[in-house]
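Novice: Got a structure for you, data-v3.cif, holding mmCIF, C-alpha atoms.
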```
data_target
#
loop_
_atom_site.label_atom_id
_atom_site.label_comp_id
_atom_site.auth_asym_id
_atom_site.auth_seq_id
_atom_site.Cartn_x
_atom_site.Cartn_y
_atom_site.Cartn_z
CA MET S 1 -14.48 68.92 -27.15
CA ALA S 2 -11.14 67.06 -27.20
CA ARG S 3 -10.94 64.05 -29.48
CA PRO S 4 -10.37 60.69 -27.72
CA ARG S 5 -7.02 59.04 -28.29
CA GLN S 6 -7.06 56.50 -31.09
CA PHE S 7 -4.16 54.41 -29.78
CA ASP S 8 -3.27 52.16 -26.87
CA GLU S 9 -0.94 54.09 -24.58
CA LYS S 10 0.81 51.03 -23.14
CA THR S 11 1.56 49.67 -26.60
CA VAL S 12 2.95 53.01 -27.77
CA LEU S 13 5.11 53.46 -24.68
CA ALA S 14 6.45 49.91 -24.97
CA ALA S 15 7.43 50.58 -28.58
CA VAL S 16 9.15 53.82 -27.57
CA ARG S 17 10.99 52.11 -24.71
CA ASP S 18 12.23 49.33 -26.98
CA GLN S 19 13.45 51.86 -29.55
CA PHE S 20 15.42 53.81 -26.94
CA TRP S 21 16.62 50.57 -25.35
CA THR S 22 17.95 49.21 -28.64
CA ALA S 23 19.40 52.36 -30.19
CA GLY S 24 19.96 54.67 -27.23
CA TYR S 25 18.71 58.21 -26.79
CA ALA S 26 21.08 60.08 -29.10
CA ALA S 27 20.72 57.66 -32.01
CA THR S 28 16.90 57.68 -31.85
CA SER S 29 15.38 60.31 -34.10
CA LEU S 30 11.87 61.74 -34.13
CA GLU S 31 11.33 59.78 -37.33
CA ASP S 32 12.24 56.58 -35.49
CA LEU S 33 9.68 57.33 -32.80
CA LEU S 34 6.98 58.09 -35.34
CA ARG S 35 7.81 54.87 -37.20
CA VAL S 36 7.67 52.55 -34.19
CA THR S 37 4.55 54.12 -32.71
CA GLY S 38 2.65 54.69 -35.93
CA LEU S 39 1.67 58.16 -34.68
CA GLY S 40 1.97 61.54 -36.29
CA LYS S 41 4.23 64.18 -34.79
CA GLY S 42 1.31 66.22 -33.48
CA SER S 43 -0.32 63.22 -31.80
CA LEU S 44 2.94 62.04 -30.23
CA TYR S 45 3.85 65.45 -28.82
CA ALA S 46 0.32 66.20 -27.67
CA ALA S 47 0.14 62.94 -25.75
CA PHE S 48 3.65 62.69 -24.31
CA GLY S 49 5.62 65.86 -24.95
CA ASP S 50 8.98 66.06 -26.67
CA LYS S 51 11.63 63.36 -27.10
CA ARG S 52 13.32 64.04 -23.75
CA ARG S 53 10.07 63.99 -21.77
CA LEU S 54 9.10 60.78 -23.53
CA TYR S 55 12.45 59.24 -22.63
CA LEU S 56 12.07 60.16 -18.96
CA ARG S 57 8.52 58.77 -18.99
CA VAL S 58 9.51 55.35 -20.35
CA LEU S 59 12.55 55.21 -18.09
CA GLY S 60 10.33 55.82 -15.06
CA ASP S 61 7.85 53.21 -16.25
CA TYR S 62 10.68 50.71 -16.75
CA VAL S 63 12.02 51.25 -13.25
CA GLU S 64 8.56 50.86 -11.72
CA ALA S 65 7.91 47.64 -13.63
CA THR S 66 11.29 46.05 -12.93
CA HIS S 67 11.17 46.91 -9.25
CA GLY S 68 7.69 45.44 -9.00
CA ALA S 69 8.97 42.25 -10.61
CA LEU S 70 11.99 42.20 -8.28
CA ARG S 71 9.78 42.50 -5.21
CA ALA S 72 7.68 39.59 -6.47
CA VAL S 73 10.75 37.40 -7.11
CA LEU S 74 12.14 38.10 -3.65
CA ALA S 75 8.79 37.55 -1.94
CA ASP S 76 8.19 34.25 -3.74
CA ALA S 77 11.66 32.82 -3.09
CA PRO S 78 11.65 29.89 -0.63
CA ARG S 79 14.56 31.55 1.14
CA ALA S 80 15.69 35.12 0.68
CA VAL S 81 19.16 34.08 -0.44
CA ASP S 82 17.57 32.18 -3.35
CA GLY S 83 15.89 35.37 -4.54
CA LEU S 84 19.13 37.33 -4.17
CA ARG S 85 20.96 34.73 -6.25
CA ARG S 86 18.29 34.90 -8.94
CA TYR S 87 18.70 38.68 -9.07
CA LEU S 88 22.48 38.45 -9.30
CA THR S 89 22.50 35.88 -12.07
CA ALA S 90 19.56 37.31 -14.06
CA PRO S 91 21.77 39.06 -16.69
CA ALA S 92 23.05 35.63 -17.76
CA ALA S 93 19.68 33.84 -17.67
CA ASP S 94 18.84 34.19 -21.40
CA PRO S 95 20.36 31.10 -23.08
CA THR S 96 20.58 32.91 -26.42
CA GLY S 97 22.70 35.73 -25.00
CA ALA S 98 20.44 38.31 -26.64
CA GLY S 99 19.21 39.67 -23.33
CA ALA S 100 22.74 40.03 -21.99
CA LEU S 101 23.89 41.85 -25.12
CA ARG S 102 20.96 44.26 -24.89
CA GLY S 103 21.73 45.03 -21.27
CA CYS S 104 19.58 46.83 -18.71
CA PHE S 105 17.65 49.89 -19.87
CA LEU S 106 18.36 51.71 -16.62
CA ALA S 107 22.09 50.94 -16.74
CA ASN S 108 22.25 51.88 -20.42
CA SER S 109 20.49 55.16 -19.67
CA ALA S 110 22.85 56.00 -16.82
CA SER S 111 25.89 55.25 -18.99
CA GLU S 112 24.71 57.33 -21.91
CA MET S 113 22.86 60.23 -20.31
CA ALA S 114 23.59 60.72 -16.61
CA ALA S 115 26.74 62.80 -17.09
CA ALA S 116 24.97 65.27 -19.37
CA ASP S 117 21.37 65.35 -18.10
CA ALA S 118 20.63 66.19 -14.48
CA ASP S 119 17.15 64.66 -14.62
CA VAL S 120 18.45 61.33 -15.92
CA LEU S 121 21.19 61.44 -13.28
CA ALA S 122 18.63 62.01 -10.53
CA ALA S 123 16.31 59.33 -11.91
CA SER S 124 19.14 56.81 -12.20
CA ARG S 125 20.51 57.50 -8.74
CA GLY S 126 17.05 57.30 -7.21
CA ALA S 127 16.29 54.06 -9.05
CA PHE S 128 19.47 52.35 -7.92
CA GLU S 129 18.92 53.49 -4.35
CA GLU S 130 15.36 52.19 -4.45
CA ARG S 131 16.65 48.89 -5.80
CA ALA S 132 19.22 48.70 -3.02
CA GLY S 133 16.46 49.32 -0.50
CA ILE S 134 14.39 46.46 -1.91
CA LEU S 135 17.39 44.14 -1.78
CA ALA S 136 18.29 45.30 1.73
CA GLU S 137 14.96 43.95 2.96
CA ALA S 138 15.85 40.59 1.40
CA VAL S 139 19.32 40.68 2.98
CA ALA S 140 17.73 41.31 6.38
CA ARG S 141 15.40 38.36 5.81
CA ALA S 142 18.38 36.19 4.80
CA GLN S 143 20.08 37.19 8.04
CA ARG S 144 17.03 36.11 10.03
CA GLU S 145 17.06 32.80 8.13
CA GLY S 146 20.74 32.27 8.94
CA ASP S 147 21.94 32.48 5.33
CA PHE S 148 23.77 35.82 5.51
CA SER S 149 26.26 37.24 7.97
CA ALA S 150 24.50 38.76 10.95
CA ASP S 151 27.30 41.32 11.13
CA ALA S 152 26.62 42.78 7.67
CA ASP S 153 24.82 46.08 7.25
CA PRO S 154 21.84 45.14 5.02
CA LEU S 155 21.93 48.33 2.95
CA HIS S 156 25.69 48.22 2.41
CA ALA S 157 25.42 44.57 1.41
CA ALA S 158 22.53 45.36 -0.93
CA ARG S 159 24.52 48.09 -2.65
CA ALA S 160 27.38 45.64 -3.12
CA ILE S 161 24.94 43.15 -4.67
CA VAL S 162 23.67 45.82 -7.07
CA ALA S 163 27.26 46.69 -8.02
CA ALA S 164 28.08 43.03 -8.62
CA GLN S 165 25.00 42.52 -10.77
CA GLN S 166 25.75 45.61 -12.81
CA GLY S 167 29.24 44.26 -13.46
CA ILE S 168 27.65 41.17 -14.96
CA VAL S 169 25.36 43.42 -17.02
CA PHE S 170 28.41 45.27 -18.36
CA MET S 171 30.18 42.04 -19.30
CA GLY S 172 27.06 40.87 -21.11
CA ARG S 173 27.05 44.06 -23.17
CA THR S 174 30.51 43.18 -24.50
CA GLY S 175 29.14 40.09 -26.23
CA ILE S 176 30.90 37.54 -24.03
CA ASP S 177 29.82 33.94 -24.61
CA VAL S 178 26.67 33.35 -22.58
CA ALA S 179 28.01 30.15 -21.00
CA GLU S 180 31.07 32.03 -19.79
CA LEU S 181 28.90 34.87 -18.55
CA ARG S 182 26.74 32.40 -16.64
CA ALA S 183 29.84 30.85 -15.06
CA VAL S 184 31.04 34.28 -13.98
CA ALA S 185 27.61 35.14 -12.57
CA GLU S 186 27.38 31.92 -10.57
CA THR S 187 30.92 32.34 -9.23
CA LEU S 188 30.20 35.91 -8.21
CA ALA S 189 26.94 34.89 -6.56
CA ASP S 190 28.78 32.16 -4.63
CA GLN S 191 31.25 34.74 -3.33
CA VAL S 192 28.83 37.56 -2.58
CA LEU S 193 26.13 35.37 -1.08
CA SER S 194 28.29 32.76 0.65
CA ALA S 195 26.74 31.72 3.92
CA THR S 196 28.57 33.26 6.87
CA PRO S 197 27.59 31.90 10.27
CA ALA S 198 26.57 34.50 12.77
CA ARG S 199 29.13 35.15 15.51
CA GLN S 200 28.47 33.39 18.74
CA PRO S 201 28.24 35.66 21.81
#
```
Before we go any further, please render this structure as C-alpha cells.
Specialist:
Amino acid sequence: MARPRQFDEKTVLAAVRDQFWTAGYAATSLEDLLRVTGLGKGSLYAAFGDKRRLYLRVLGDYVEATHGALRAVLADAPRAVDGLRRYLTAPAADPTGAGALRGCFLANSASEMAAADADVLAASRGAFEERAGILAEAVARAQREGDFSADADPLHAARAIVAAQQGIVFMGRTGIDVAELRAVAETLADQVLSATPARQP
C-alpha cells in the first residue's frame, strides 16, 4: 500500500514557485528545490515529476490564481473602468518597489523560456489570451457604463491594456524608482482609459 504524503502540497508548490520566480528556471538547481521544499529527491520527483514538469505545474497554478484574483477585482469595482485602472497600475502598487523589481512570474517565464520551450510558449500565449478575454468583458461593461469608447473592439482594447501593463512590469524590473514608476503607470492609465464619449447617431 502506498505511503501517504508527509507534506502539505500547497506549501511545497508555493515554495517552488517562489524559487523559480526569484531565480528563474535556468538558475534554479535540483538542490535549490530540495532546499526550499525540505523534500528528498525521490519524494519530490514521485509527487511532481522532474524540474520542467514542476515548473509548468507552478506556472499553471500561478495563472489560475492570478486570473481568479483579477476576475474578483473587476467584479468588485464600482465601475469597470476603476477595475481596469487598478489592473494597469498594479505593478507600481507596492510602495517598497520590491514587487515591481520582482516582476510578474508569467511575464518572467515568457521572457526566459518561451523562445526555447514550446510548452512554456503555449502556456504563456494561452494565459495572456485568457487575461485579455477577462479584461475584454470589463471593457464591454465600461462601454455600457459610458466610460469607454463605444467604437472600440473590446478584445483589441483589452490586448492593448495587457500590453500597456506589461510595459510597466518591464520598467519595474529595471529598478526604476517606485514613485516614478507609479507616475508612469497613472499617466498611461489616463491615456489608455480616457473616457471617450460614444458617437451620436
Novice: Could you give me the axis-aligned bounding box of segment 55-67 of chain S, with 6 Å of padding per side, as centre plus edge lengths in Å to one decimal, as AutoDock Vina command-line options?
Specialist:
```
--center_x 10.2 --center_y 53.1 --center_z -15.9 --size_x 16.7 --size_y 26.1 --size_z 25.4
```
Novice: Output the residue selection produced by the PyMOL selection byres ((chain S and resi 93) around 12) on the file above, formatted as a list in words.
Specialist: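 Residues picked by the PyMOL selection byres ((chain S and resi 93) around 12): Arg85, Arg86, Tyr87, Leu88, Thr89, Ala90, Pro91, Ala92, Asp94, Pro95, Thr96, Gly97, Ala98, Gly99, Ala100, Leu101, Gly103, Ile168, Val169, Gly172, Val178, Ala179, Glu180, Leu181, Arg182, Ala183, Val184, Ala185 and Glu186 of chain S.
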Novice: With C-alpha atoms retained, export the selected residues as an mmCIF file, in the frame of the given file.
Specialist:
```cif
data_model
loop_
_atom_site.group_PDB
_atom_site.id
_atom_site.type_symbol
_atom_site.label_atom_id
_atom_site.label_comp_id
_atom_site.auth_asym_id
_atom_site.auth_seq_id
_atom_site.Cartn_x
_atom_site.Cartn_y
_atom_site.Cartn_z
ATOM 1 C CA ARG S 85 20.960 34.730 -6.250
ATOM 2 C CA ARG S 86 18.290 34.900 -8.940
ATOM 3 C CA TYR S 87 18.700 38.680 -9.070
ATOM 4 C CA LEU S 88 22.480 38.450 -9.300
ATOM 5 C CA THR S 89 22.500 35.880 -12.070
ATOM 6 C CA ALA S 90 19.560 37.310 -14.060
ATOM 7 C CA PRO S 91 21.770 39.060 -16.690
ATOM 8 C CA ALA S 92 23.050 35.630 -17.760
ATOM 9 C CA ASP S 94 18.840 34.190 -21.400
ATOM 10 C CA PRO S 95 20.360 31.100 -23.080
ATOM 11 C CA THR S 96 20.580 32.910 -26.420
ATOM 12 C CA GLY S 97 22.700 35.730 -25.000
ATOM 13 C CA ALA S 98 20.440 38.310 -26.640
ATOM 14 C CA GLY S 99 19.210 39.670 -23.330
ATOM 15 C CA ALA S 100 22.740 40.030 -21.990
ATOM 16 C CA LEU S 101 23.890 41.850 -25.120
ATOM 17 C CA GLY S 103 21.730 45.030 -21.270
ATOM 18 C CA ILE S 168 27.650 41.170 -14.960
ATOM 19 C CA VAL S 169 25.360 43.420 -17.020
ATOM 20 C CA GLY S 172 27.060 40.870 -21.110
ATOM 21 C CA VAL S 178 26.670 33.350 -22.580
ATOM 22 C CA ALA S 179 28.010 30.150 -21.000
ATOM 23 C CA GLU S 180 31.070 32.030 -19.790
ATOM 24 C CA LEU S 181 28.900 34.870 -18.550
ATOM 25 C CA ARG S 182 26.740 32.400 -16.640
ATOM 26 C CA ALA S 183 29.840 30.850 -15.060
ATOM 27 C CA VAL S 184 31.040 34.280 -13.980
ATOM 28 C CA ALA S 185 27.610 35.140 -12.570
ATOM 29 C CA GLU S 186 27.380 31.920 -10.570
#
```
Novice: Quick one: residues within 12 Å of Ala114 of chain S, all atoms listed in the file, excluding same-chain residues fewer than 6 positions away - as a list in words?
Specialist: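 Close residues of Ala114 of chain S: Tyr25, Leu56, Leu106, Ala107, Asn108, Val120, Leu121, Ala122, Ala123, Ser124, Arg125 and Gly126 of chain S.
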Novice: Can you tell me how far atom CA of Arg17 of chain S sits from atom CA of Asp76 of chain S, in Å to one decimal?
Specialist: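 Between atom CA of Arg17 of chain S and atom CA of Asp76 of chain S the gap is 27.7 Å.
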Novice: List the residues selected by the PyMOL selection byres ((chain S and resi 141-156) around 12) in the file shown, writing them as a PyMOL selection string.
Specialist: chain S and resi 74-75+77-85+128-140+157-163+190-201
Novice: Take the selection from the previous step and output its residues with C-alpha atoms, as a PDB file, in the frame of the given file.
Specialist:
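Result file is part-v2.pdb:
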```pdb
ATOM      1  CA  LEU S  74      12.140  38.100  -3.650  1.00  0.00           C
ATOM      2  CA  ALA S  75       8.790  37.550  -1.940  1.00  0.00           C
ATOM      3  CA  ALA S  77      11.660  32.820  -3.090  1.00  0.00           C
ATOM      4  CA  PRO S  78      11.650  29.890  -0.630  1.00  0.00           C
ATOM      5  CA  ARG S  79      14.560  31.550   1.140  1.00  0.00           C
ATOM      6  CA  ALA S  80      15.690  35.120   0.680  1.00  0.00           C
ATOM      7  CA  VAL S  81      19.160  34.080  -0.440  1.00  0.00           C
ATOM      8  CA  ASP S  82      17.570  32.180  -3.350  1.00  0.00           C
ATOM      9  CA  GLY S  83      15.890  35.370  -4.540  1.00  0.00           C
ATOM     10  CA  LEU S  84      19.130  37.330  -4.170  1.00  0.00           C
ATOM     11  CA  ARG S  85      20.960  34.730  -6.250  1.00  0.00           C
ATOM     12  CA  PHE S 128      19.470  52.350  -7.920  1.00  0.00           C
ATOM     13  CA  GLU S 129      18.920  53.490  -4.350  1.00  0.00           C
ATOM     14  CA  GLU S 130      15.360  52.190  -4.450  1.00  0.00           C
ATOM     15  CA  ARG S 131      16.650  48.890  -5.800  1.00  0.00           C
ATOM     16  CA  ALA S 132      19.220  48.700  -3.020  1.00  0.00           C
ATOM     17  CA  GLY S 133      16.460  49.320  -0.500  1.00  0.00           C
ATOM     18  CA  ILE S 134      14.390  46.460  -1.910  1.00  0.00           C
ATOM     19  CA  LEU S 135      17.390  44.140  -1.780  1.00  0.00           C
ATOM     20  CA  ALA S 136      18.290  45.300   1.730  1.00  0.00           C
ATOM     21  CA  GLU S 137      14.960  43.950   2.960  1.00  0.00           C
ATOM     22  CA  ALA S 138      15.850  40.590   1.400  1.00  0.00           C
ATOM     23  CA  VAL S 139      19.320  40.680   2.980  1.00  0.00           C
ATOM     24  CA  ALA S 140      17.730  41.310   6.380  1.00  0.00           C
ATOM     25  CA  ALA S 157      25.420  44.570   1.410  1.00  0.00           C
ATOM     26  CA  ALA S 158      22.530  45.360  -0.930  1.00  0.00           C
ATOM     27  CA  ARG S 159      24.520  48.090  -2.650  1.00  0.00           C
ATOM     28  CA  ALA S 160      27.380  45.640  -3.120  1.00  0.00           C
ATOM     29  CA  ILE S 161      24.940  43.150  -4.670  1.00  0.00           C
ATOM     30  CA  VAL S 162      23.670  45.820  -7.070  1.00  0.00           C
ATOM     31  CA  ALA S 163      27.260  46.690  -8.020  1.00  0.00           C
ATOM     32  CA  ASP S 190      28.780  32.160  -4.630  1.00  0.00           C
ATOM     33  CA  GLN S 191      31.250  34.740  -3.330  1.00  0.00           C
ATOM     34  CA  VAL S 192      28.830  37.560  -2.580  1.00  0.00           C
ATOM     35  CA  LEU S 193      26.130  35.370  -1.080  1.00  0.00           C
ATOM     36  CA  SER S 194      28.290  32.760   0.650  1.00  0.00           C
ATOM     37  CA  ALA S 195      26.740  31.720   3.920  1.00  0.00           C
ATOM     38  CA  THR S 196      28.570  33.260   6.870  1.00  0.00           C
ATOM     39  CA  PRO S 197      27.590  31.900  10.270  1.00  0.00           C
ATOM     40  CA  ALA S 198      26.570  34.500  12.770  1.00  0.00           C
ATOM     41  CA  ARG S 199      29.130  35.150  15.510  1.00  0.00           C
ATOM     42  CA  GLN S 200      28.470  33.390  18.740  1.00  0.00           C
ATOM     43  CA  PRO S 201      28.240  35.660  21.810  1.00  0.00           C
TER      44      PRO S 201
END
```
Novice: As a list in words, please: the residues near Ala26 of chain S (cut-off 10 Å, all atoms listed in the file, same-chain neighbours under 5 positions excluded).
Specialist: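 Here the qualifying residues turn out to be Phe20, Glu112 and Met113 of chain S.
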